[in-house]
Each structure stands twice: as structure tokens, then as C-alpha cells.
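Text of the file work.cif, holding mmCIF, C-alpha atoms:
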```
data_my_file
#
loop_
_atom_site.group_PDB
_atom_site.id
_atom_site.type_symbol
_atom_site.label_atom_id
_atom_site.label_comp_id
_atom_site.auth_asym_id
_atom_site.auth_seq_id
_atom_site.Cartn_x
_atom_site.Cartn_y
_atom_site.Cartn_z
ATOM 1 C CA ASP B 1 21.498 0.341 4.600
ATOM 2 C CA THR B 2 23.119 -2.983 3.729
ATOM 3 C CA GLY B 3 20.574 -3.960 1.099
ATOM 4 C CA VAL B 4 18.265 -6.958 0.879
ATOM 5 C CA SER B 5 20.138 -10.132 1.769
ATOM 6 C CA GLN B 6 19.198 -13.587 0.519
ATOM 7 C CA ASP B 7 20.585 -16.949 1.550
ATOM 8 C CA PRO B 8 21.684 -19.233 0.042
ATOM 9 C CA ARG B 9 22.752 -17.716 -3.283
ATOM 10 C CA HIS B 10 22.578 -21.066 -5.004
ATOM 11 C CA LYS B 11 20.769 -24.298 -4.156
ATOM 12 C CA ILE B 12 20.894 -27.578 -6.055
ATOM 13 C CA THR B 13 18.427 -30.208 -4.940
ATOM 14 C CA LYS B 14 16.957 -33.433 -6.181
ATOM 15 C CA ARG B 15 13.365 -33.683 -7.261
ATOM 16 C CA GLY B 16 11.096 -34.423 -4.339
ATOM 17 C CA GLN B 17 13.271 -32.760 -1.704
ATOM 18 C CA ASN B 18 12.182 -29.777 0.372
ATOM 19 C CA VAL B 19 14.110 -26.499 0.270
ATOM 20 C CA THR B 20 13.942 -23.313 2.323
ATOM 21 C CA PHE B 21 15.250 -19.873 1.416
ATOM 22 C CA ARG B 22 15.770 -16.910 3.707
ATOM 23 C CA CYS B 23 15.410 -13.188 3.048
ATOM 24 C CA ASP B 24 16.573 -10.368 5.306
ATOM 25 C CA PRO B 25 15.012 -7.100 4.115
ATOM 26 C CA ILE B 26 16.502 -3.662 4.506
ATOM 27 C CA SER B 27 16.238 -2.613 8.130
ATOM 28 C CA GLU B 28 12.881 -1.010 8.974
ATOM 29 C CA HIS B 29 11.329 -1.996 5.647
ATOM 30 C CA ASN B 30 7.990 -3.340 6.783
ATOM 31 C CA ARG B 31 6.837 -4.505 3.339
ATOM 32 C CA LEU B 32 8.398 -7.658 1.876
ATOM 33 C CA TYR B 33 7.798 -9.363 -1.475
ATOM 34 C CA TRP B 34 8.827 -12.644 -3.075
ATOM 35 C CA TYR B 35 9.176 -12.937 -6.834
ATOM 36 C CA ARG B 36 10.242 -15.772 -9.117
ATOM 37 C CA GLN B 37 12.290 -15.240 -12.279
ATOM 38 C CA THR B 38 12.877 -17.887 -14.917
ATOM 39 C CA LEU B 39 15.472 -17.637 -17.653
ATOM 40 C CA GLY B 40 14.664 -14.944 -20.190
ATOM 41 C CA GLN B 41 11.638 -13.683 -18.309
ATOM 42 C CA GLY B 42 10.831 -10.817 -16.004
ATOM 43 C CA PRO B 43 10.213 -11.419 -12.309
ATOM 44 C CA GLU B 44 6.744 -12.732 -11.432
ATOM 45 C CA PHE B 45 5.025 -11.818 -8.175
ATOM 46 C CA LEU B 46 4.565 -14.645 -5.679
ATOM 47 C CA THR B 47 3.534 -13.138 -2.359
ATOM 48 C CA TYR B 48 3.534 -9.988 -0.201
ATOM 49 C CA PHE B 49 3.893 -9.321 3.510
ATOM 50 C CA GLN B 50 3.156 -6.182 5.465
ATOM 51 C CA ASN B 51 4.926 -6.672 8.775
ATOM 52 C CA GLU B 52 4.133 -10.287 9.735
ATOM 53 C CA ALA B 53 0.849 -10.489 7.826
ATOM 54 C CA GLN B 54 0.802 -12.233 4.447
ATOM 55 C CA LEU B 55 -1.628 -10.018 2.561
ATOM 56 C CA GLU B 56 -1.526 -11.402 -0.951
ATOM 57 C CA LYS B 57 -0.564 -14.632 -2.686
ATOM 58 C CA SER B 58 -0.297 -15.244 -6.414
ATOM 59 C CA ARG B 59 -1.986 -18.228 -7.994
ATOM 60 C CA LEU B 60 1.575 -19.168 -8.990
ATOM 61 C CA LEU B 61 2.100 -20.087 -5.343
ATOM 62 C CA SER B 62 0.896 -23.678 -5.316
ATOM 63 C CA ASP B 63 0.137 -25.652 -2.169
ATOM 64 C CA ARG B 64 3.752 -26.848 -2.163
ATOM 65 C CA PHE B 65 4.947 -23.306 -1.493
ATOM 66 C CA SER B 66 4.723 -21.586 1.875
ATOM 67 C CA ALA B 67 6.131 -18.269 3.023
ATOM 68 C CA GLU B 68 6.402 -16.855 6.500
ATOM 69 C CA ARG B 69 7.547 -13.700 8.171
ATOM 70 C CA PRO B 70 7.086 -14.586 11.831
ATOM 71 C CA LYS B 71 8.332 -11.450 13.546
ATOM 72 C CA GLY B 72 7.905 -8.992 10.737
ATOM 73 C CA SER B 73 11.627 -8.954 9.992
ATOM 74 C CA PHE B 74 13.209 -11.798 7.964
ATOM 75 C CA SER B 75 11.127 -14.086 5.775
ATOM 76 C CA THR B 76 11.419 -17.693 4.636
ATOM 77 C CA LEU B 77 10.104 -19.339 1.500
ATOM 78 C CA GLU B 78 9.755 -23.120 1.591
ATOM 79 C CA ILE B 79 9.115 -25.366 -1.369
ATOM 80 C CA GLN B 80 8.027 -28.899 -0.573
ATOM 81 C CA ARG B 81 8.424 -31.882 -2.896
ATOM 82 C CA THR B 82 10.380 -29.846 -5.439
ATOM 83 C CA GLU B 83 9.761 -30.369 -9.150
ATOM 84 C CA GLN B 84 12.011 -29.567 -12.098
ATOM 85 C CA GLY B 85 9.653 -26.758 -13.025
ATOM 86 C CA ASP B 86 10.536 -25.033 -9.746
ATOM 87 C CA SER B 87 14.033 -24.311 -11.082
ATOM 88 C CA ALA B 88 14.274 -20.522 -11.134
ATOM 89 C CA MET B 89 15.743 -17.498 -9.407
ATOM 90 C CA TYR B 90 13.763 -16.605 -6.294
ATOM 91 C CA LEU B 91 13.982 -12.887 -5.570
ATOM 92 C CA CYS B 92 13.091 -11.083 -2.385
ATOM 93 C CA ALA B 93 12.352 -7.363 -2.292
ATOM 94 C CA SER B 94 11.420 -4.852 0.363
ATOM 95 C CA ARG B 95 10.195 -1.288 0.766
ATOM 96 C CA THR B 96 8.881 1.099 3.367
ATOM 97 C CA LYS B 97 5.454 2.688 3.263
ATOM 98 C CA GLY B 98 4.093 5.322 0.922
ATOM 99 C CA ASP B 99 5.715 5.815 -2.466
ATOM 100 C CA SER B 100 9.054 4.275 -1.568
ATOM 101 C CA PRO B 101 10.640 2.144 -4.320
ATOM 102 C CA LEU B 102 11.071 -1.596 -4.257
ATOM 103 C CA HIS B 103 14.609 -2.850 -3.537
ATOM 104 C CA PHE B 104 15.555 -6.337 -4.683
ATOM 105 C CA GLY B 105 18.089 -8.776 -3.287
ATOM 106 C CA ASN B 106 20.425 -10.771 -5.528
ATOM 107 C CA GLY B 107 18.208 -13.816 -5.333
ATOM 108 C CA THR B 108 18.552 -17.527 -4.644
ATOM 109 C CA ARG B 109 19.069 -19.617 -7.764
ATOM 110 C CA LEU B 110 17.358 -22.990 -7.370
ATOM 111 C CA THR B 111 18.228 -25.928 -9.604
ATOM 112 C CA VAL B 112 16.120 -29.066 -9.270
ATOM 113 C CA THR B 113 17.729 -32.154 -10.816
ATOM 114 C CA GLN S 1 -2.640 -12.406 -20.374
ATOM 115 C CA GLN S 2 0.560 -10.418 -20.491
ATOM 116 C CA GLN S 3 -0.216 -7.062 -18.980
ATOM 117 C CA VAL S 4 3.073 -5.362 -19.863
ATOM 118 C CA LYS S 5 4.560 -5.953 -23.315
ATOM 119 C CA GLN S 6 8.208 -4.993 -23.843
ATOM 120 C CA SER S 7 10.198 -4.660 -27.049
ATOM 121 C CA PRO S 8 12.657 -5.311 -28.495
ATOM 122 C CA GLN S 9 13.806 -8.574 -26.950
ATOM 123 C CA SER S 10 17.424 -7.649 -27.617
ATOM 124 C CA LEU S 11 19.275 -4.591 -28.833
ATOM 125 C CA ILE S 12 22.834 -3.919 -29.938
ATOM 126 C CA VAL S 13 24.219 -0.392 -30.206
ATOM 127 C CA GLN S 14 27.603 1.224 -30.527
ATOM 128 C CA LYS S 15 29.108 3.254 -27.708
ATOM 129 C CA GLY S 16 27.554 6.703 -27.710
ATOM 130 C CA GLY S 17 24.343 5.504 -29.338
ATOM 131 C CA ILE S 18 20.864 6.029 -27.899
ATOM 132 C CA PRO S 19 19.078 2.707 -27.340
ATOM 133 C CA ILE S 20 15.316 2.971 -26.953
ATOM 134 C CA ILE S 21 13.240 0.303 -25.217
ATOM 135 C CA ASN S 22 9.469 0.369 -25.456
ATOM 136 C CA CYS S 23 6.693 -0.924 -23.229
ATOM 137 C CA ALA S 24 2.930 -1.031 -23.552
ATOM 138 C CA TYR S 25 0.432 -1.794 -20.832
ATOM 139 C CA GLU S 26 -3.213 -2.801 -20.783
ATOM 140 C CA ASN S 27 -4.441 -2.135 -17.260
ATOM 141 C CA THR S 28 -5.626 1.482 -17.029
ATOM 142 C CA ALA S 29 -5.400 1.253 -13.229
ATOM 143 C CA PHE S 30 -1.596 1.193 -13.440
ATOM 144 C CA ASP S 31 -0.166 4.445 -12.131
ATOM 145 C CA TYR S 32 3.484 3.727 -11.371
ATOM 146 C CA PHE S 33 5.999 2.757 -14.053
ATOM 147 C CA PRO S 34 9.571 1.909 -13.020
ATOM 148 C CA TRP S 35 12.487 0.650 -15.076
ATOM 149 C CA TYR S 36 14.934 -1.849 -13.612
ATOM 150 C CA GLN S 37 18.443 -2.808 -14.725
ATOM 151 C CA GLN S 38 19.729 -6.308 -14.101
ATOM 152 C CA PHE S 39 23.252 -7.660 -14.493
ATOM 153 C CA PRO S 40 23.922 -11.421 -14.681
ATOM 154 C CA GLY S 41 23.729 -13.050 -11.270
ATOM 155 C CA LYS S 42 22.289 -9.948 -9.634
ATOM 156 C CA GLY S 43 18.843 -8.802 -8.658
ATOM 157 C CA PRO S 44 17.058 -6.020 -10.545
ATOM 158 C CA ALA S 45 18.068 -2.496 -9.516
ATOM 159 C CA LEU S 46 15.743 0.478 -9.874
ATOM 160 C CA LEU S 47 16.914 2.964 -12.526
ATOM 161 C CA ILE S 48 14.131 5.489 -12.857
ATOM 162 C CA ALA S 49 10.362 5.622 -12.425
ATOM 163 C CA ILE S 50 7.501 7.787 -13.668
ATOM 164 C CA ARG S 51 3.863 8.476 -12.832
ATOM 165 C CA PRO S 52 1.202 9.365 -15.428
ATOM 166 C CA ASP S 53 0.985 13.023 -14.404
ATOM 167 C CA VAL S 54 4.169 13.813 -16.364
ATOM 168 C CA SER S 55 5.124 12.944 -19.945
ATOM 169 C CA GLU S 56 8.872 12.791 -19.441
ATOM 170 C CA LYS S 57 11.364 12.278 -16.626
ATOM 171 C CA LYS S 58 15.126 12.497 -16.866
ATOM 172 C CA GLU S 59 17.749 11.245 -14.430
ATOM 173 C CA GLY S 60 21.318 11.493 -15.619
ATOM 174 C CA ARG S 61 21.617 9.673 -18.955
ATOM 175 C CA PHE S 62 18.280 7.873 -18.528
ATOM 176 C CA THR S 63 14.977 9.336 -19.751
ATOM 177 C CA ILE S 64 11.476 7.913 -19.557
ATOM 178 C CA SER S 65 8.884 9.111 -22.056
ATOM 179 C CA PHE S 66 5.251 8.415 -21.167
ATOM 180 C CA ASN S 67 2.176 8.487 -23.418
ATOM 181 C CA LYS S 68 -0.918 7.969 -21.288
ATOM 182 C CA SER S 69 -3.426 7.948 -24.153
ATOM 183 C CA ALA S 70 -1.471 5.274 -26.010
ATOM 184 C CA LYS S 71 -0.695 3.395 -22.785
ATOM 185 C CA GLN S 72 2.967 3.279 -23.740
ATOM 186 C CA PHE S 73 6.233 4.297 -22.129
ATOM 187 C CA SER S 74 9.837 4.051 -23.184
ATOM 188 C CA LEU S 75 13.371 4.240 -21.837
ATOM 189 C CA HIS S 76 16.085 6.179 -23.647
ATOM 190 C CA ILE S 77 19.738 5.838 -22.660
ATOM 191 C CA MET S 78 21.824 8.802 -23.801
ATOM 192 C CA ASP S 79 25.508 8.404 -24.672
ATOM 193 C CA SER S 80 25.370 4.682 -23.958
ATOM 194 C CA GLN S 81 28.489 3.011 -22.563
ATOM 195 C CA PRO S 82 29.691 -0.621 -22.554
ATOM 196 C CA GLY S 83 28.944 -0.655 -18.803
ATOM 197 C CA ASP S 84 25.271 -0.156 -19.648
ATOM 198 C CA SER S 85 25.199 -3.644 -21.181
ATOM 199 C CA ALA S 86 22.561 -5.424 -19.102
ATOM 200 C CA THR S 87 18.966 -6.606 -19.199
ATOM 201 C CA TYR S 88 16.377 -3.878 -18.763
ATOM 202 C CA PHE S 89 12.877 -4.479 -17.464
ATOM 203 C CA CYS S 90 9.912 -2.180 -17.516
ATOM 204 C CA ALA S 91 7.237 -2.690 -14.889
ATOM 205 C CA ALA S 92 3.916 -1.284 -13.789
ATOM 206 C CA SER S 93 1.739 -1.297 -10.711
ATOM 207 C CA ASN S 94 -1.446 0.114 -9.282
ATOM 208 C CA SER S 95 -0.090 1.857 -6.228
ATOM 209 C CA GLY S 96 -3.525 2.485 -4.832
ATOM 210 C CA GLY S 97 -4.977 -0.979 -4.820
ATOM 211 C CA SER S 98 -2.368 -3.668 -5.259
ATOM 212 C CA ASN S 99 0.210 -3.156 -2.554
ATOM 213 C CA TYR S 100 2.678 -1.910 -5.179
ATOM 214 C CA LYS S 101 2.779 -5.385 -6.709
ATOM 215 C CA LEU S 102 4.855 -4.946 -9.857
ATOM 216 C CA THR S 103 4.015 -6.557 -13.182
ATOM 217 C CA PHE S 104 7.179 -6.851 -15.278
ATOM 218 C CA GLY S 105 7.820 -6.998 -18.997
ATOM 219 C CA LYS S 106 9.918 -9.847 -20.383
ATOM 220 C CA GLY S 107 13.069 -7.779 -20.557
ATOM 221 C CA THR S 108 15.433 -6.370 -23.182
ATOM 222 C CA LEU S 109 19.023 -7.548 -23.393
ATOM 223 C CA LEU S 110 21.109 -4.500 -24.291
ATOM 224 C CA THR S 111 24.634 -4.828 -25.635
ATOM 225 C CA VAL S 112 26.714 -1.692 -26.062
ATOM 226 C CA ASN S 113 29.774 -2.338 -28.189
ATOM 227 C CA PRO S 114 32.933 -0.295 -27.532
#
```
Please rewrite the model in this file as C-alpha cells.
Amino acid sequence: DTGVSQDPRHKITKRGQNVTFRCDPISEHNRLYWYRQTLGQGPEFLTYFQNEAQLEKSRLLSDRFSAERPKGSFSTLEIQRTEQGDSAMYLCASRTKGDSPLHFGNGTRLTVT
Amino acid sequence: QQQVKQSPQSLIVQKGGIPIINCAYENTAFDYFPWYQQFPGKGPALLIAIRPDVSEKKEGRFTISFNKSAKQFSLHIMDSQPGDSATYFCAASNSGGSNYKLTFGKGTLLTVNP
């Protein structure tokens, strides 16, 4: 169990650019979540995958955001045409089925200049 | 609409003190209440969690008290240490219907002075 891995840890981009983040969940965790955390706030739910199926999306996930989990293992979160308001920590989390707890990665901190 | 309200926003205690962090929820469908600890630059880490069928749960120095009728729950940290200085988040979810999607409070920044 090596934990949830996220890459990159930090990303600085200019407004209008596209960015993509990657999440590798804990091995055999078939449920994967993306959250966003802004300074001084708790994490906010963005989207949820069970295996490769994206089962729920928050209204926070605008049309500029897209997430995939093509083979039910790693996941990517892409933000197109970034805006300054997208600056935040993007957290990935995973769990197995049943009552298993949610395990978070250390996040990708995005700064849009 | 903030579904989980957490207080206080920040808390300073001396080593050995017992900080108490409180949370209140609105959604009566919530049935799973975890607490997470977060250090700067790190993701949240699960500390302890409770379900409404018990009023208290203890793990090491951490205790959750749960009041279902008041829709409130709290975290107590016994014999607090400087290493406990971190941000603490309460959360809640409806495990039956919402894919364990967690709704978080805004967090409490705890400082334990030596």
C-alpha cells in the first residue's frame, strides 16, 4: 500500500492555458474521487468514479473541466482555458467497496497567473 | 447552503490541554461522520470516524462525541501535543445514497503550544 499518488505536486500556468493532473489510486481501490480545496476551506467534491465509470459530477465541475479513468486504474483531471479562480489544491482520493474509508493523496497545487 | 458547520475557526491550547472542535450538520440522511487531520502541503488523513448508532468513539487520544437529536458531533484531543498542531476537518456523508461523497466543514486550525 503505497498510498494515493498525485502528479505533479505543483503546477504554475498562465491564464488560458490547459493543464492536466494525474492520480494513481491505492492498488485495487475501485472507487476514485476528485476534490478541490481552496485556501482556508475544506475540500469540495468534484467527481466520482467507480471503476472506469464516472457516476457523479458536482455542479462545480464546469464545462472546462473533464475527468477520465480509462482503464479503471489511474485518473486524469483536465482543466481547459484556465482562469485565476481555478487556483486551488486538487485532491484525489480512493477507497474500496463497502464501508472502507477514503484515502487522500497529497494533492496538486495549481496556481494560475 | 453549508451542510456542515464547524467551529471554532482556530484554537490555541497549551501542551496537555484538551481542545474541542464542534460540528453541526443539517442533512438527516447523513450517517457517516469522519474527522480528518491535515498538515501544510499534505492531503487530509483520516483520524477517526463514527456512525449514529453510537454516542461516543475513542481511538487513542482522539474521541468523537455524537448527539443525533441535536445533529452535532465533536472531536476531543486528550493530552494534546505540539505535533497535533494541524488543521482538522469534520465531514459527513450519506453512505447509502451518495457514493460516500463527503461534505466537509471549513476546518479548524489547531495550535498546541509547548
Do you know which residues the PyMOL selection byres ((chain B) within 12 of (chain S)) returns on this file, as a PyMOL selection string?
chain B and resi 3-6+9-10+31-50+54-58+89-109
Could you list, as a VMD selection string, every residue within 7 Å of stretch 62-79 of chain B, counting only C-alpha atoms and ignoring same-chain residues fewer than 6 positions away?
chain B and resid 18 to 25 30 51 to 52
So what do you get for atom CA of S:Ile18 versus atom CA of S:Gln6, distance-wise?
17.3 Å
Residues selected by the PyMOL selection byres ((chain S and resi 85) around 12), written as a PyMOL selection string
chain S and resi 10-15+19+37-40+77+80-84+86-88+108-114
With C-alpha atoms retained, could you export that selection as a PDB file, in the frame of the given file?
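The new file part17.pdb reads:
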```pdb
ATOM      1  CA  SER S  10      17.424  -7.649 -27.617  1.00  0.00           C
ATOM      2  CA  LEU S  11      19.275  -4.591 -28.833  1.00  0.00           C
ATOM      3  CA  ILE S  12      22.834  -3.919 -29.938  1.00  0.00           C
ATOM      4  CA  VAL S  13      24.219  -0.392 -30.206  1.00  0.00           C
ATOM      5  CA  GLN S  14      27.603   1.224 -30.527  1.00  0.00           C
ATOM      6  CA  LYS S  15      29.108   3.254 -27.708  1.00  0.00           C
ATOM      7  CA  PRO S  19      19.078   2.707 -27.340  1.00  0.00           C
ATOM      8  CA  GLN S  37      18.443  -2.808 -14.725  1.00  0.00           C
ATOM      9  CA  GLN S  38      19.729  -6.308 -14.101  1.00  0.00           C
ATOM     10  CA  PHE S  39      23.252  -7.660 -14.493  1.00  0.00           C
ATOM     11  CA  PRO S  40      23.922 -11.421 -14.681  1.00  0.00           C
ATOM     12  CA  ILE S  77      19.738   5.838 -22.660  1.00  0.00           C
ATOM     13  CA  SER S  80      25.370   4.682 -23.958  1.00  0.00           C
ATOM     14  CA  GLN S  81      28.489   3.011 -22.563  1.00  0.00           C
ATOM     15  CA  PRO S  82      29.691  -0.621 -22.554  1.00  0.00           C
ATOM     16  CA  GLY S  83      28.944  -0.655 -18.803  1.00  0.00           C
ATOM     17  CA  ASP S  84      25.271  -0.156 -19.648  1.00  0.00           C
ATOM     18  CA  ALA S  86      22.561  -5.424 -19.102  1.00  0.00           C
ATOM     19  CA  THR S  87      18.966  -6.606 -19.199  1.00  0.00           C
ATOM     20  CA  TYR S  88      16.377  -3.878 -18.763  1.00  0.00           C
ATOM     21  CA  THR S 108      15.433  -6.370 -23.182  1.00  0.00           C
ATOM     22  CA  LEU S 109      19.023  -7.548 -23.393  1.00  0.00           C
ATOM     23  CA  LEU S 110      21.109  -4.500 -24.291  1.00  0.00           C
ATOM     24  CA  THR S 111      24.634  -4.828 -25.635  1.00  0.00           C
ATOM     25  CA  VAL S 112      26.714  -1.692 -26.062  1.00  0.00           C
ATOM     26  CA  ASN S 113      29.774  -2.338 -28.189  1.00  0.00           C
ATOM     27  CA  PRO S 114      32.933  -0.295 -27.532  1.00  0.00           C
TER      28      PRO S 114
END
```
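Between atom CA of S:Gln3 and atom CA of S:Ser74 lies a distance of 15.6 Å.
In this model, the gap between atom CA of S:Asp31 and atom CA of S:His76 comes to 20.0 Å.
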For stretch 26-28 of chain S, please output as number ranges by chain all residues within 12 Å (counting only C-alpha atoms; exclusion window: fewer than 6 positions along the same chain).
S: 1-5, 52, 68-73, 91-94, 103, 105
Produce a file of the selected residues containing C-alpha atoms, as a PDB file, keeping the file's coordinate frame.
```pdb
ATOM      1  CA  GLN S   1      -2.640 -12.406 -20.374  1.00  0.00           C
ATOM      2  CA  GLN S   2       0.560 -10.418 -20.491  1.00  0.00           C
ATOM      3  CA  GLN S   3      -0.216  -7.062 -18.980  1.00  0.00           C
ATOM      4  CA  VAL S   4       3.073  -5.362 -19.863  1.00  0.00           C
ATOM      5  CA  LYS S   5       4.560  -5.953 -23.315  1.00  0.00           C
ATOM      6  CA  PRO S  52       1.202   9.365 -15.428  1.00  0.00           C
ATOM      7  CA  LYS S  68      -0.918   7.969 -21.288  1.00  0.00           C
ATOM      8  CA  SER S  69      -3.426   7.948 -24.153  1.00  0.00           C
ATOM      9  CA  ALA S  70      -1.471   5.274 -26.010  1.00  0.00           C
ATOM     10  CA  LYS S  71      -0.695   3.395 -22.785  1.00  0.00           C
ATOM     11  CA  GLN S  72       2.967   3.279 -23.740  1.00  0.00           C
ATOM     12  CA  PHE S  73       6.233   4.297 -22.129  1.00  0.00           C
ATOM     13  CA  ALA S  91       7.237  -2.690 -14.889  1.00  0.00           C
ATOM     14  CA  ALA S  92       3.916  -1.284 -13.789  1.00  0.00           C
ATOM     15  CA  SER S  93       1.739  -1.297 -10.711  1.00  0.00           C
ATOM     16  CA  ASN S  94      -1.446   0.114  -9.282  1.00  0.00           C
ATOM     17  CA  THR S 103       4.015  -6.557 -13.182  1.00  0.00           C
ATOM     18  CA  GLY S 105       7.820  -6.998 -18.997  1.00  0.00           C
TER      19      GLY S 105
END
```
